[in-house]
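Novice: Dropping in entry-v3.cif, with mmCIF, C-alpha atoms.
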data_coords
#
loop_
_atom_site.group_PDB
_atom_site.id
_atom_site.type_symbol
_atom_site.label_atom_id
_atom_site.label_comp_id
_atom_site.auth_asym_id
_atom_site.auth_seq_id
_atom_site.Cartn_x
_atom_site.Cartn_y
_atom_site.Cartn_z
ATOM 1 C CA MET A 187 7.785 -5.166 10.122
ATOM 2 C CA ARG A 188 8.838 -6.562 6.764
ATOM 3 C CA SER A 189 10.853 -9.354 5.237
ATOM 4 C CA SER A 190 13.265 -8.916 2.367
ATOM 5 C CA ILE A 191 11.877 -10.096 -0.953
ATOM 6 C CA VAL A 192 12.932 -7.367 -3.362
ATOM 7 C CA ILE A 193 11.544 -7.185 -6.904
ATOM 8 C CA ALA A 194 14.135 -5.785 -9.292
ATOM 9 C CA ARG A 195 13.481 -2.180 -10.288
ATOM 10 C CA ARG A 196 13.608 -3.185 -13.962
ATOM 11 C CA PHE A 197 9.991 -4.320 -13.531
ATOM 12 C CA LEU A 198 8.911 -0.698 -13.586
ATOM 13 C CA VAL A 199 9.237 -0.611 -17.374
ATOM 14 C CA LEU A 200 7.087 -3.716 -17.941
ATOM 15 C CA LEU A 201 3.697 -2.435 -16.840
ATOM 16 C CA PRO A 202 1.941 0.755 -17.954
ATOM 17 C CA CYS A 203 1.782 3.557 -15.410
ATOM 18 C CA LEU A 204 -0.357 6.601 -16.030
ATOM 19 C CA TRP A 205 1.269 9.342 -14.023
ATOM 20 C CA ALA A 206 -0.777 12.310 -15.218
ATOM 21 C CA ALA A 207 -2.052 14.659 -12.526
ATOM 22 C CA VAL A 208 -5.739 14.345 -13.376
ATOM 23 C CA GLY A 209 -8.253 14.397 -10.482
ATOM 24 C CA LEU A 210 -11.247 12.394 -9.361
ATOM 25 C CA GLY A 211 -13.099 13.028 -12.623
ATOM 26 C CA ALA A 212 -12.471 16.627 -13.662
ATOM 27 C CA ALA A 213 -12.813 19.593 -11.317
ATOM 28 C CA ALA A 214 -14.828 17.713 -8.719
ATOM 29 C CA GLU A 215 -11.797 15.548 -7.942
ATOM 30 C CA ARG A 216 -9.682 18.586 -7.202
ATOM 31 C CA ALA A 217 -12.291 20.279 -5.032
ATOM 32 C CA ALA A 218 -11.682 20.268 -1.281
ATOM 33 C CA LEU A 219 -13.747 17.839 0.748
ATOM 34 C CA PRO A 220 -15.828 19.676 3.383
ATOM 35 C CA GLY A 221 -14.567 18.834 6.852
ATOM 36 C CA TYR A 222 -11.279 17.400 5.546
ATOM 37 C CA SER A 223 -7.765 18.773 5.463
ATOM 38 C CA SER A 224 -5.705 17.904 2.405
ATOM 39 C CA ALA A 225 -2.160 17.394 1.180
ATOM 40 C CA GLN A 226 -0.752 16.928 -2.325
ATOM 41 C CA MET A 227 1.485 13.912 -2.854
ATOM 42 C CA SER A 228 3.977 13.154 -5.617
ATOM 43 C CA ARG A 229 5.073 9.965 -7.362
ATOM 44 C CA GLY A 230 8.527 8.642 -6.683
ATOM 45 C CA PRO A 231 10.753 7.106 -9.362
ATOM 46 C CA GLU A 232 9.557 3.642 -8.280
ATOM 47 C CA ASN A 233 5.879 4.646 -8.641
ATOM 48 C CA HIS A 234 5.206 5.057 -4.932
ATOM 49 C CA LEU A 235 3.032 7.802 -3.462
ATOM 50 C CA LEU A 236 5.178 10.224 -1.476
ATOM 51 C CA LEU A 237 3.876 12.689 1.097
ATOM 52 C CA HIS A 238 5.957 15.821 1.641
ATOM 53 C CA ALA A 239 5.544 17.027 5.200
ATOM 54 C CA ARG A 240 7.271 18.783 8.067
ATOM 55 C CA ILE A 241 8.087 17.125 11.349
ATOM 56 C CA ASN A 242 8.725 19.679 14.095
ATOM 57 C CA GLY A 243 9.475 22.186 11.326
ATOM 58 C CA SER A 244 11.950 20.040 9.340
ATOM 59 C CA PRO A 245 11.039 18.804 5.838
ATOM 60 C CA VAL A 246 10.516 15.064 5.429
ATOM 61 C CA THR A 247 9.374 12.656 2.727
ATOM 62 C CA LEU A 248 7.034 9.855 3.823
ATOM 63 C CA LEU A 249 5.863 6.966 1.669
ATOM 64 C CA LEU A 250 2.129 6.212 1.805
ATOM 65 C CA ASP A 251 1.730 2.510 2.583
ATOM 66 C CA THR A 252 -1.641 0.828 3.158
ATOM 67 C CA GLY A 253 0.270 -2.451 3.462
ATOM 68 C CA ALA A 254 1.845 -1.376 6.769
ATOM 69 C CA ASP A 255 -0.231 -1.508 9.944
ATOM 70 C CA VAL A 256 1.868 1.119 11.743
ATOM 71 C CA SER A 257 3.745 4.258 10.704
ATOM 72 C CA PHE A 258 7.552 4.299 10.717
ATOM 73 C CA LEU A 259 10.407 6.796 10.913
ATOM 74 C CA ARG A 260 14.093 6.257 10.351
ATOM 75 C CA ALA A 261 15.869 5.860 13.668
ATOM 76 C CA ASP A 262 18.915 7.721 12.327
ATOM 77 C CA ARG A 263 16.745 10.790 11.643
ATOM 78 C CA ALA A 264 14.925 10.855 14.977
ATOM 79 C CA GLN A 265 17.326 13.158 16.818
ATOM 80 C CA HIS A 266 17.628 15.608 13.912
ATOM 81 C CA LEU A 267 13.834 15.779 13.618
ATOM 82 C CA GLY A 268 13.356 16.378 17.327
ATOM 83 C CA VAL A 269 11.498 13.107 17.814
ATOM 84 C CA ARG A 270 11.010 12.194 21.455
ATOM 85 C CA VAL A 271 11.885 8.552 22.149
ATOM 86 C CA VAL A 272 9.709 7.070 24.886
ATOM 87 C CA ASP A 273 10.074 3.957 27.004
ATOM 88 C CA GLU A 274 7.698 1.727 25.078
ATOM 89 C CA THR A 275 7.719 -0.378 21.942
ATOM 90 C CA MET A 276 5.466 -0.825 18.926
ATOM 91 C CA ARG A 277 5.022 -4.391 17.696
ATOM 92 C CA THR A 278 4.387 -5.408 14.105
ATOM 93 C CA GLY A 279 5.302 -8.428 12.003
ATOM 94 C CA GLY A 280 6.551 -10.272 15.066
ATOM 95 C CA LYS A 281 9.108 -7.567 15.887
ATOM 96 C CA ALA A 282 9.272 -4.851 18.538
ATOM 97 C CA PHE A 283 10.424 -1.354 17.518
ATOM 98 C CA PRO A 284 11.296 1.655 19.703
ATOM 99 C CA THR A 285 8.581 4.299 19.809
ATOM 100 C CA GLY A 286 9.156 7.900 18.835
ATOM 101 C CA VAL A 287 6.660 10.694 19.498
ATOM 102 C CA VAL A 288 6.326 13.488 16.938
ATOM 103 C CA SER A 289 5.092 16.647 18.616
ATOM 104 C CA ASP A 290 4.079 18.362 15.380
ATOM 105 C CA LEU A 291 3.497 17.066 11.842
ATOM 106 C CA GLN A 292 2.221 19.253 9.009
ATOM 107 C CA ALA A 293 1.338 18.136 5.479
ATOM 108 C CA GLY A 294 -0.517 20.556 3.237
ATOM 109 C CA ASP A 295 -3.168 22.109 5.462
ATOM 110 C CA ALA A 296 -3.297 19.002 7.676
ATOM 111 C CA HIS A 297 -1.817 19.491 11.133
ATOM 112 C CA PHE A 298 -1.270 16.716 13.701
ATOM 113 C CA ARG A 299 0.182 16.603 17.186
ATOM 114 C CA GLU A 300 1.601 13.878 19.406
ATOM 115 C CA LEU A 301 1.817 11.119 16.809
ATOM 116 C CA ARG A 302 3.565 7.834 17.564
ATOM 117 C CA PHE A 303 5.923 6.233 15.052
ATOM 118 C CA ALA A 304 7.932 3.025 15.156
ATOM 119 C CA LEU A 305 11.643 3.764 14.714
ATOM 120 C CA TYR A 306 13.484 1.460 12.328
ATOM 121 C CA GLU A 307 16.917 0.730 10.930
ATOM 122 C CA ALA A 308 17.095 -0.002 7.194
ATOM 123 C CA SER A 309 18.654 -3.401 7.924
ATOM 124 C CA GLU A 310 15.513 -4.414 9.831
ATOM 125 C CA ILE A 311 13.191 -3.989 6.840
ATOM 126 C CA GLY A 312 15.276 -5.299 3.957
ATOM 127 C CA GLY A 313 16.586 -1.943 2.775
ATOM 128 C CA ALA A 314 15.831 1.745 2.708
ATOM 129 C CA VAL A 315 12.297 3.020 2.121
ATOM 130 C CA PRO A 316 12.388 4.526 -1.402
ATOM 131 C CA GLY A 317 12.000 8.263 -1.690
ATOM 132 C CA GLU A 318 12.759 10.770 -4.429
ATOM 133 C CA ALA A 319 15.553 10.224 -6.957
ATOM 134 C CA ALA A 320 18.318 8.264 -5.246
ATOM 135 C CA SER A 321 17.364 9.433 -1.759
ATOM 136 C CA ALA A 322 15.721 7.253 0.863
ATOM 137 C CA ALA A 323 12.455 8.425 2.384
ATOM 138 C CA ASP A 324 12.360 9.449 6.022
ATOM 139 C CA GLY A 325 9.686 6.869 6.810
ATOM 140 C CA LEU A 326 6.188 5.856 5.901
ATOM 141 C CA ILE A 327 2.578 6.553 6.823
ATOM 142 C CA GLY A 328 0.739 3.342 7.670
ATOM 143 C CA LEU A 329 -2.776 2.224 8.458
ATOM 144 C CA ASP A 330 -2.699 3.350 12.089
ATOM 145 C CA MET A 331 -2.657 7.020 11.074
ATOM 146 C CA LEU A 332 -4.676 6.585 7.878
ATOM 147 C CA ARG A 333 -7.534 4.814 9.636
ATOM 148 C CA ARG A 334 -7.429 6.999 12.746
ATOM 149 C CA TYR A 335 -8.063 10.108 10.644
ATOM 150 C CA GLU A 336 -10.348 8.286 8.155
ATOM 151 C CA ALA A 337 -8.216 9.208 5.195
ATOM 152 C CA VAL A 338 -9.405 9.475 1.599
ATOM 153 C CA ILE A 339 -6.640 8.663 -0.900
ATOM 154 C CA ASN A 340 -6.887 9.663 -4.543
ATOM 155 C CA CYS A 341 -4.306 7.369 -6.135
ATOM 156 C CA HIS A 342 -4.486 9.080 -9.527
ATOM 157 C CA SER A 343 -4.471 12.775 -8.664
ATOM 158 C CA ARG A 344 -2.192 11.974 -5.697
ATOM 159 C CA GLN A 345 -4.319 13.833 -3.162
ATOM 160 C CA LEU A 346 -4.578 12.782 0.469
ATOM 161 C CA PHE A 347 -7.456 13.932 2.704
ATOM 162 C CA PHE A 348 -7.805 13.575 6.482
ATOM 163 C CA ARG A 349 -11.092 14.061 8.308
ATOM 164 C CA LYS A 350 -10.870 16.893 10.817
ATOM 165 C CA GLU A 351 -11.717 16.249 14.434
ATOM 166 C CA GLY A 352 -15.447 16.745 15.071
ATOM 167 C CA ALA A 353 -16.289 17.016 11.374
ATOM 168 C CA SER A 354 -19.115 14.944 9.915
ATOM 169 C CA GLY A 355 -18.167 12.171 7.555
ATOM 170 C CA LEU A 356 -19.016 12.196 3.868
ATOM 171 C CA ASP A 357 -20.743 9.527 1.820
ATOM 172 C CA LEU A 358 -18.876 9.623 -1.475
ATOM 173 C CA THR A 359 -20.918 6.856 -3.098
ATOM 174 C CA ARG A 360 -23.476 8.954 -4.980
ATOM 175 C CA GLY A 361 -20.960 11.465 -6.262
ATOM 176 C CA MET A 362 -18.539 8.755 -7.353
ATOM 177 C CA ARG A 363 -21.296 6.842 -9.125
ATOM 178 C CA ALA A 364 -22.308 9.991 -11.015
ATOM 179 C CA MET A 365 -18.733 10.274 -12.285
ATOM 180 C CA GLY A 366 -18.667 6.679 -13.493
ATOM 181 C CA PHE A 367 -16.928 5.045 -10.533
ATOM 182 C CA ARG A 368 -17.896 1.678 -9.091
ATOM 183 C CA LYS A 369 -17.730 0.859 -5.403
ATOM 184 C CA VAL A 370 -15.786 -2.118 -4.042
ATOM 185 C CA PRO A 371 -15.912 -2.986 -0.317
ATOM 186 C CA ILE A 372 -12.658 -2.917 1.653
ATOM 187 C CA ILE A 373 -12.195 -5.582 4.304
ATOM 188 C CA ALA A 374 -9.890 -5.059 7.294
ATOM 189 C CA TYR A 375 -8.249 -8.428 7.789
ATOM 190 C CA ARG A 376 -7.611 -8.760 11.533
ATOM 191 C CA HIS A 377 -6.653 -5.064 11.570
ATOM 192 C CA HIS A 378 -3.292 -5.854 9.950
ATOM 193 C CA PHE A 379 -3.971 -5.186 6.282
ATOM 194 C CA LEU A 380 -6.770 -4.438 3.847
ATOM 195 C CA THR A 381 -8.275 -6.690 1.182
ATOM 196 C CA VAL A 382 -10.825 -6.279 -1.602
ATOM 197 C CA PRO A 383 -12.900 -9.050 -3.230
ATOM 198 C CA CYS A 384 -11.856 -10.203 -6.671
ATOM 199 C CA HIS A 385 -12.489 -12.898 -9.253
ATOM 200 C CA LEU A 386 -9.595 -14.538 -11.068
ATOM 201 C CA ASN A 387 -10.647 -16.800 -13.941
ATOM 202 C CA GLY A 388 -14.131 -16.852 -12.430
ATOM 203 C CA ARG A 389 -13.045 -17.874 -8.918
ATOM 204 C CA LEU A 390 -13.734 -15.718 -5.874
ATOM 205 C CA GLY A 391 -10.902 -14.547 -3.666
ATOM 206 C CA GLN A 392 -9.251 -11.455 -2.211
ATOM 207 C CA MET A 393 -6.447 -9.115 -3.172
ATOM 208 C CA ILE A 394 -4.417 -7.154 -0.655
ATOM 209 C CA LEU A 395 -4.855 -3.401 -1.142
ATOM 210 C CA ASP A 396 -1.299 -2.152 -0.962
ATOM 211 C CA THR A 397 -0.145 1.315 -1.990
ATOM 212 C CA GLY A 398 3.327 0.266 -0.814
ATOM 213 C CA ALA A 399 3.562 -2.228 -3.695
ATOM 214 C CA PHE A 400 4.649 -0.405 -6.842
ATOM 215 C CA VAL A 401 3.114 -3.053 -9.125
ATOM 216 C CA THR A 402 0.252 -5.541 -8.958
ATOM 217 C CA ALA A 403 1.389 -9.138 -8.524
ATOM 218 C CA LEU A 404 -0.372 -12.510 -8.436
ATOM 219 C CA ALA A 405 0.352 -15.387 -6.093
ATOM 220 C CA ASP A 406 2.048 -18.227 -7.939
ATOM 221 C CA ASP A 407 -0.123 -20.910 -6.298
ATOM 222 C CA ALA A 408 -3.287 -19.236 -7.604
ATOM 223 C CA VAL A 409 -1.824 -18.933 -11.085
ATOM 224 C CA ARG A 410 -0.886 -22.623 -11.094
ATOM 225 C CA ALA A 411 -4.286 -23.691 -9.747
ATOM 226 C CA PHE A 412 -6.076 -21.756 -12.477
ATOM 227 C CA THR A 413 -3.711 -23.055 -15.194
ATOM 228 C CA ILE A 414 -2.700 -19.556 -16.257
ATOM 229 C CA LYS A 415 0.342 -19.766 -18.505
ATOM 230 C CA THR A 416 3.489 -18.107 -17.198
ATOM 231 C CA THR A 417 6.673 -17.089 -18.950
ATOM 232 C CA PRO A 418 10.149 -16.644 -17.479
ATOM 233 C CA SER A 419 11.622 -13.195 -17.038
ATOM 234 C CA ARG A 420 14.974 -11.701 -16.153
ATOM 235 C CA LEU A 421 13.447 -10.327 -12.963
ATOM 236 C CA THR A 422 14.533 -11.670 -9.621
ATOM 237 C CA ALA A 423 13.374 -11.652 -6.006
ATOM 238 C CA ARG A 424 15.586 -11.998 -2.960
ATOM 239 C CA GLY A 425 14.121 -14.261 -0.282
ATOM 240 C CA PHE A 426 14.419 -14.498 3.494
ATOM 241 C CA ASP A 427 17.354 -16.868 3.126
ATOM 242 C CA GLY A 428 19.221 -14.409 0.918
ATOM 243 C CA LYS A 429 18.835 -16.541 -2.212
ATOM 244 C CA VAL A 430 17.777 -14.843 -5.422
ATOM 245 C CA ARG A 431 14.900 -16.521 -7.250
ATOM 246 C CA PRO A 432 13.290 -15.786 -10.633
ATOM 247 C CA VAL A 433 10.020 -13.925 -11.071
ATOM 248 C CA GLU A 434 7.614 -15.069 -13.774
ATOM 249 C CA LEU A 435 5.120 -13.081 -15.822
ATOM 250 C CA ALA A 436 1.562 -14.008 -16.793
ATOM 251 C CA GLN A 437 -0.956 -12.631 -19.255
ATOM 252 C CA VAL A 438 -4.244 -12.364 -17.355
ATOM 253 C CA ASN A 439 -7.437 -12.030 -19.372
ATOM 254 C CA ASP A 440 -10.074 -12.559 -16.668
ATOM 255 C CA LEU A 441 -9.603 -10.460 -13.542
ATOM 256 C CA ARG A 442 -12.319 -8.485 -11.777
ATOM 257 C CA ILE A 443 -11.912 -6.291 -8.699
ATOM 258 C CA GLY A 444 -15.371 -6.301 -7.151
ATOM 259 C CA ASP A 445 -17.532 -6.015 -10.263
ATOM 260 C CA VAL A 446 -14.949 -3.968 -12.173
ATOM 261 C CA ALA A 447 -13.438 -5.837 -15.116
ATOM 262 C CA ILE A 448 -9.708 -5.280 -15.534
ATOM 263 C CA ALA A 449 -8.400 -5.092 -19.090
ATOM 264 C CA PRO A 450 -6.170 -8.027 -20.129
ATOM 265 C CA GLN A 451 -2.572 -7.301 -19.235
ATOM 266 C CA THR A 452 0.658 -8.777 -17.924
ATOM 267 C CA PHE A 453 1.271 -9.173 -14.199
ATOM 268 C CA ALA A 454 4.164 -10.388 -12.109
ATOM 269 C CA VAL A 455 3.823 -13.830 -10.552
ATOM 270 C CA ILE A 456 5.545 -14.306 -7.200
ATOM 271 C CA ASP A 457 5.540 -16.634 -4.221
ATOM 272 C CA LEU A 458 3.330 -14.859 -1.693
ATOM 273 C CA PHE A 459 3.111 -17.917 0.527
ATOM 274 C CA ASP A 460 6.365 -19.320 1.834
ATOM 275 C CA SER A 461 5.704 -22.842 3.121
ATOM 276 C CA ARG A 462 8.887 -22.678 5.179
ATOM 277 C CA LYS A 463 7.818 -19.538 7.005
ATOM 278 C CA GLN A 464 4.745 -19.830 9.193
ATOM 279 C CA VAL A 465 4.803 -16.273 10.483
ATOM 280 C CA ARG A 466 2.961 -13.515 8.691
ATOM 281 C CA ALA A 467 4.903 -10.810 6.907
ATOM 282 C CA PHE A 468 3.850 -7.621 5.169
ATOM 283 C CA THR A 469 3.898 -6.272 1.650
ATOM 284 C CA GLY A 470 6.966 -4.189 1.096
ATOM 285 C CA VAL A 471 7.575 -0.618 0.140
ATOM 286 C CA ASN A 472 10.140 -1.438 -2.538
ATOM 287 C CA ARG A 473 9.635 -5.141 -2.136
ATOM 288 C CA ILE A 474 6.878 -7.690 -2.435
ATOM 289 C CA GLU A 475 6.751 -9.998 0.530
ATOM 290 C CA GLN A 476 5.417 -13.272 1.739
ATOM 291 C CA TYR A 477 2.331 -14.209 3.746
ATOM 292 C CA SER A 478 1.558 -17.441 5.560
ATOM 293 C CA GLU A 479 -1.278 -19.127 3.678
ATOM 294 C CA ARG A 480 -2.621 -20.710 6.836
ATOM 295 C CA GLU A 481 -3.532 -17.237 8.074
ATOM 296 C CA PHE A 482 -6.459 -17.209 5.653
ATOM 297 C CA SER A 483 -9.783 -19.015 5.791
ATOM 298 C CA PRO A 484 -10.908 -20.869 2.622
ATOM 299 C CA GLY A 485 -13.303 -18.087 1.599
ATOM 300 C CA GLU A 486 -10.586 -15.465 2.076
ATOM 301 C CA ARG A 487 -7.950 -16.885 -0.230
ATOM 302 C CA ILE A 488 -5.469 -14.251 -1.338
ATOM 303 C CA PHE A 489 -4.831 -14.122 -5.086
ATOM 304 C CA GLY A 490 -2.259 -11.333 -5.014
ATOM 305 C CA LEU A 491 -1.424 -7.704 -4.312
ATOM 306 C CA LEU A 492 -3.357 -4.792 -5.805
ATOM 307 C CA GLY A 493 -0.541 -2.312 -6.360
ATOM 308 C CA ASN A 494 0.039 1.248 -7.438
ATOM 309 C CA GLU A 495 0.121 0.887 -11.214
ATOM 310 C CA LEU A 496 -3.357 -0.662 -11.371
ATOM 311 C CA LEU A 497 -4.763 1.737 -8.750
ATOM 312 C CA ASP A 498 -3.470 4.608 -10.864
ATOM 313 C CA GLN A 499 -4.737 3.049 -14.091
ATOM 314 C CA ARG A 500 -8.280 2.707 -12.671
ATOM 315 C CA ARG A 501 -8.214 6.152 -10.970
ATOM 316 C CA ALA A 502 -8.712 4.562 -7.585
ATOM 317 C CA ILE A 503 -10.163 6.416 -4.604
ATOM 318 C CA ILE A 504 -9.590 4.719 -1.241
ATOM 319 C CA ASP A 505 -12.085 5.882 1.401
ATOM 320 C CA LEU A 506 -11.089 4.580 4.838
ATOM 321 C CA GLU A 507 -14.141 6.101 6.535
ATOM 322 C CA SER A 508 -16.701 4.040 4.620
ATOM 323 C CA MET A 509 -14.076 1.341 3.878
ATOM 324 C CA SER A 510 -14.731 1.592 0.156
ATOM 325 C CA LEU A 511 -12.562 1.457 -2.935
ATOM 326 C CA PHE A 512 -13.888 3.379 -5.945
ATOM 327 C CA LEU A 513 -12.622 2.332 -9.375
ATOM 328 C CA LYS A 514 -13.353 3.752 -12.817
#
Starting from the coordinates I provided, produce the structure as structure tokens.

Specialist:
Amino acid sequence: MRSSIVIARRFLVLLPCLWAAVGLGAAAERAALPGYSSAQMSRGPENHLLLHARINGSPVTLLLDTGADVSFLRADRAQHLGVRVVDETMRTGGKAFPTGVVSDLQAGDAHFRELRFALYEASEIGGAVPGEAASAADGLIGLDMLRRYEAVINCHSRQLFFRKEGASGLDLTRGMRAMGFRKVPIIAYRHHFLTVPCHLNGRLGQMILDTGAFVTALADDAVRAFTIKTTPSRLTARGFDGKVRPVELAQVNDLRIGDVAIAPQTFAVIDLFDSRKQVRAFTGVNRIEQYSEREFSPGERIFGLLGNELLDQRRAIIDLESMSLFLK
């Protein structure tokens, strides 16, 4: 599932996070979407989006993670939650996980039956999935469920919509444009994660769209190639080998997501591409993790992770039906 590069939580104070509960552009953002069920999320202390739900009647907290290709539940909670373990596995990140079947999941007015989750131990994913306060979450909602139900995610108002079975889809483009949003295409990279086009210092590339990353971070090789000046920090990252390495910071003055210019600001700079590891890994829920650079074609070069603080700052709407990201 995930490796174990962990960015120190002190980084949360270095980048601005707008946590106000304002919707998609006034009342229209709060209005229900016809044909969609909805659930209200909250923000955790590490800036993650948390979905409060019930599994077989028991309350659970699930982190929303577009950087994970499957949904996960804690193995130590499976019996208490009445999860049925079946004789099959779910594979992700080169690992096989036991499969648990949830008979009933409710979140807001959304209601699902017979959902499959991968069951994990915290030691397998580099630590507990962050939840509220000092508590670990019960798991996470990944792309398998989000794409299956063509979710719409409002990263700023923290609303989550799922298209109901048999309902017609909605084209949000015109309405979003009228409210001052710009549309950016989302690309499904080999069905494992999502990217959006970007320009860094005038050069075209991609950023991974990752609501599981609490901050936006740039790949150190891209920063070096574009001669962007970096400064040391007291932040650290723990690697696969257990060694703690420093994290640098960079002032970025020329970043565009699609055709949306991002105001100059400071980003983390990390090693997304570990030359010693040739297997692909995923972005982390409370960690930022490595990817094998050889996975990407020249025109698909990854410049970094588009994380929660920037999605919140630009009032992002992620529409997984039309595969569009709307930014303001």

Novice: Pick the closest to A:Ala319 from A:Ala225, A:Ala411, A:Leu236, A:Ala218: which is it, counting only C-alpha atoms?

Specialist: A:Leu236

Novice: Evaluate the PyMOL selection byres ((chain A and resi 261-264) around 9) here and jot the selected residues down as a VMD selection string.

Specialist: chain A and resid 258 to 260 265 to 271 284 286 304 to 308 324

Novice: Where does the PyMOL selection byres ((chain A and resi 405) around 9) land in this file, that is, which residues does it pick, as a tab-separated table (two decimals) with C-alpha atoms, in the frame of the given file?

Specialist:
chain	number	residue	atom	x	y	z
A	403	ALA	CA	1.39	-9.14	-8.52
A	404	LEU	CA	-0.37	-12.51	-8.44
A	406	ASP	CA	2.05	-18.23	-7.94
A	407	ASP	CA	-0.12	-20.91	-6.30
A	408	ALA	CA	-3.29	-19.24	-7.60
A	409	VAL	CA	-1.82	-18.93	-11.08
A	410	ARG	CA	-0.89	-22.62	-11.09
A	454	ALA	CA	4.16	-10.39	-12.11
A	455	VAL	CA	3.82	-13.83	-10.55
A	456	ILE	CA	5.54	-14.31	-7.20
A	457	ASP	CA	5.54	-16.63	-4.22
A	458	LEU	CA	3.33	-14.86	-1.69
A	459	PHE	CA	3.11	-17.92	0.53
A	488	ILE	CA	-5.47	-14.25	-1.34
A	489	PHE	CA	-4.83	-14.12	-5.09
A	490	GLY	CA	-2.26	-11.33	-5.01
A	491	LEU	CA	-1.42	-7.70	-4.31

Novice: Once the PyMOL selection byres ((chain A and resi 498) around 9) is applied to the coordinates I shared, what remains selected? I want it as a short mmCIF file (atom, residue, chain, number, x, y, z; two decimals) with C-alpha atoms, in the frame of the given file.

Specialist:
data_model
loop_
_atom_site.label_atom_id
_atom_site.label_comp_id
_atom_site.auth_asym_id
_atom_site.auth_seq_id
_atom_site.Cartn_x
_atom_site.Cartn_y
_atom_site.Cartn_z
CA CYS A 203 1.78 3.56 -15.41
CA LEU A 204 -0.36 6.60 -16.03
CA TRP A 205 1.27 9.34 -14.02
CA ASN A 340 -6.89 9.66 -4.54
CA CYS A 341 -4.31 7.37 -6.14
CA HIS A 342 -4.49 9.08 -9.53
CA SER A 343 -4.47 12.78 -8.66
CA GLY A 493 -0.54 -2.31 -6.36
CA ASN A 494 0.04 1.25 -7.44
CA GLU A 495 0.12 0.89 -11.21
CA LEU A 496 -3.36 -0.66 -11.37
CA LEU A 497 -4.76 1.74 -8.75
CA GLN A 499 -4.74 3.05 -14.09
CA ARG A 500 -8.28 2.71 -12.67
CA ARG A 501 -8.21 6.15 -10.97
CA ALA A 502 -8.71 4.56 -7.58
#

Novice: Atom CA of A:Ala296 and atom CA of A:Gly328, how far apart in Å?

Specialist: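 According to the coordinates, atom CA of A:Gly328 and atom CA of A:Ala296 are separated by 16.2 Å.
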
Novice: Between A:Asn233, A:Thr247, A:Thr278, A:Ser228, which one has atoms that come closest to A:Ala322, using only C-alpha atoms?

Specialist: A:Thr247

Novice: Could you tell me which of A:Ala353, A:Leu326, A:Leu358, A:Ala447 comes closest to A:Gly388 if we count all atoms listed in the file?

Specialist: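 Of all the options, A:Ala447 lies closest to A:Gly388.
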
Novice: If I take atom CA of A:Ala282 and atom CA of A:Asp330, how far is one from the other in Å, to one decimal?

Specialist: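 For atom CA of A:Ala282 relative to atom CA of A:Asp330, the distance reads 15.9 Å.
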
Novice: If I wrap all listed atoms of stretch 251-263 of chain A in a box with edges along x, y and z and add 4 Å on each side, what are its centre and edge lengths in Å to one decimal, as lines of an AutoDock Vina configuration file?

Specialist:
center_x = 8.6
center_y = 4.2
center_z = 8.1
size_x = 28.6
size_y = 21.2
size_z = 19.1

Novice: Any chance you could turn stretch 389-400 of chain A into a file with N, CA and C atoms, as a PDB file, in the first residue's frame?

Specialist:
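The resulting file, decode.pdb, is reproduced below:
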ATOM      1  N   ARG A 389       7.727  25.110 -17.608  1.00  0.00           N
ATOM      2  CA  ARG A 389       7.887  23.772 -18.183  1.00  0.00           C
ATOM      3  C   ARG A 389       6.682  22.903 -17.843  1.00  0.00           C
ATOM      4  N   LEU A 390       6.227  22.151 -18.844  1.00  0.00           N
ATOM      5  CA  LEU A 390       5.021  21.340 -18.701  1.00  0.00           C
ATOM      6  C   LEU A 390       5.319  20.033 -17.978  1.00  0.00           C
ATOM      7  N   GLY A 391       4.436  19.688 -17.062  1.00  0.00           N
ATOM      8  CA  GLY A 391       4.535  18.416 -16.360  1.00  0.00           C
ATOM      9  C   GLY A 391       3.201  18.055 -15.739  1.00  0.00           C
ATOM     10  N   GLN A 392       3.238  17.211 -14.714  1.00  0.00           N
ATOM     11  CA  GLN A 392       2.040  16.764 -14.025  1.00  0.00           C
ATOM     12  C   GLN A 392       2.251  16.889 -12.526  1.00  0.00           C
ATOM     13  N   MET A 393       1.150  17.048 -11.798  1.00  0.00           N
ATOM     14  CA  MET A 393       1.178  16.922 -10.351  1.00  0.00           C
ATOM     15  C   MET A 393       0.158  15.868  -9.947  1.00  0.00           C
ATOM     16  N   ILE A 394       0.508  15.088  -8.945  1.00  0.00           N
ATOM     17  CA  ILE A 394      -0.387  14.049  -8.455  1.00  0.00           C
ATOM     18  C   ILE A 394      -1.450  14.696  -7.568  1.00  0.00           C
ATOM     19  N   LEU A 395      -2.703  14.424  -7.866  1.00  0.00           N
ATOM     20  CA  LEU A 395      -3.831  14.980  -7.119  1.00  0.00           C
ATOM     21  C   LEU A 395      -4.079  14.089  -5.908  1.00  0.00           C
ATOM     22  N   ASP A 396      -3.737  14.593  -4.735  1.00  0.00           N
ATOM     23  CA  ASP A 396      -3.677  13.720  -3.567  1.00  0.00           C
ATOM     24  C   ASP A 396      -4.275  14.384  -2.333  1.00  0.00           C
ATOM     25  N   THR A 397      -5.538  14.072  -2.038  1.00  0.00           N
ATOM     26  CA  THR A 397      -6.155  14.596  -0.827  1.00  0.00           C
ATOM     27  C   THR A 397      -5.606  13.926   0.422  1.00  0.00           C
ATOM     28  N   GLY A 398      -4.820  12.867   0.268  1.00  0.00           N
ATOM     29  CA  GLY A 398      -4.176  12.229   1.413  1.00  0.00           C
ATOM     30  C   GLY A 398      -2.895  12.923   1.825  1.00  0.00           C
ATOM     31  N   ALA A 399      -2.402  13.858   1.006  1.00  0.00           N
ATOM     32  CA  ALA A 399      -1.210  14.632   1.351  1.00  0.00           C
ATOM     33  C   ALA A 399      -1.660  15.936   1.998  1.00  0.00           C
ATOM     34  N   PHE A 400      -1.222  16.204   3.222  1.00  0.00           N
ATOM     35  CA  PHE A 400      -1.765  17.374   3.917  1.00  0.00           C
ATOM     36  C   PHE A 400      -1.159  18.668   3.424  1.00  0.00           C
TER      37      PHE A 400
END
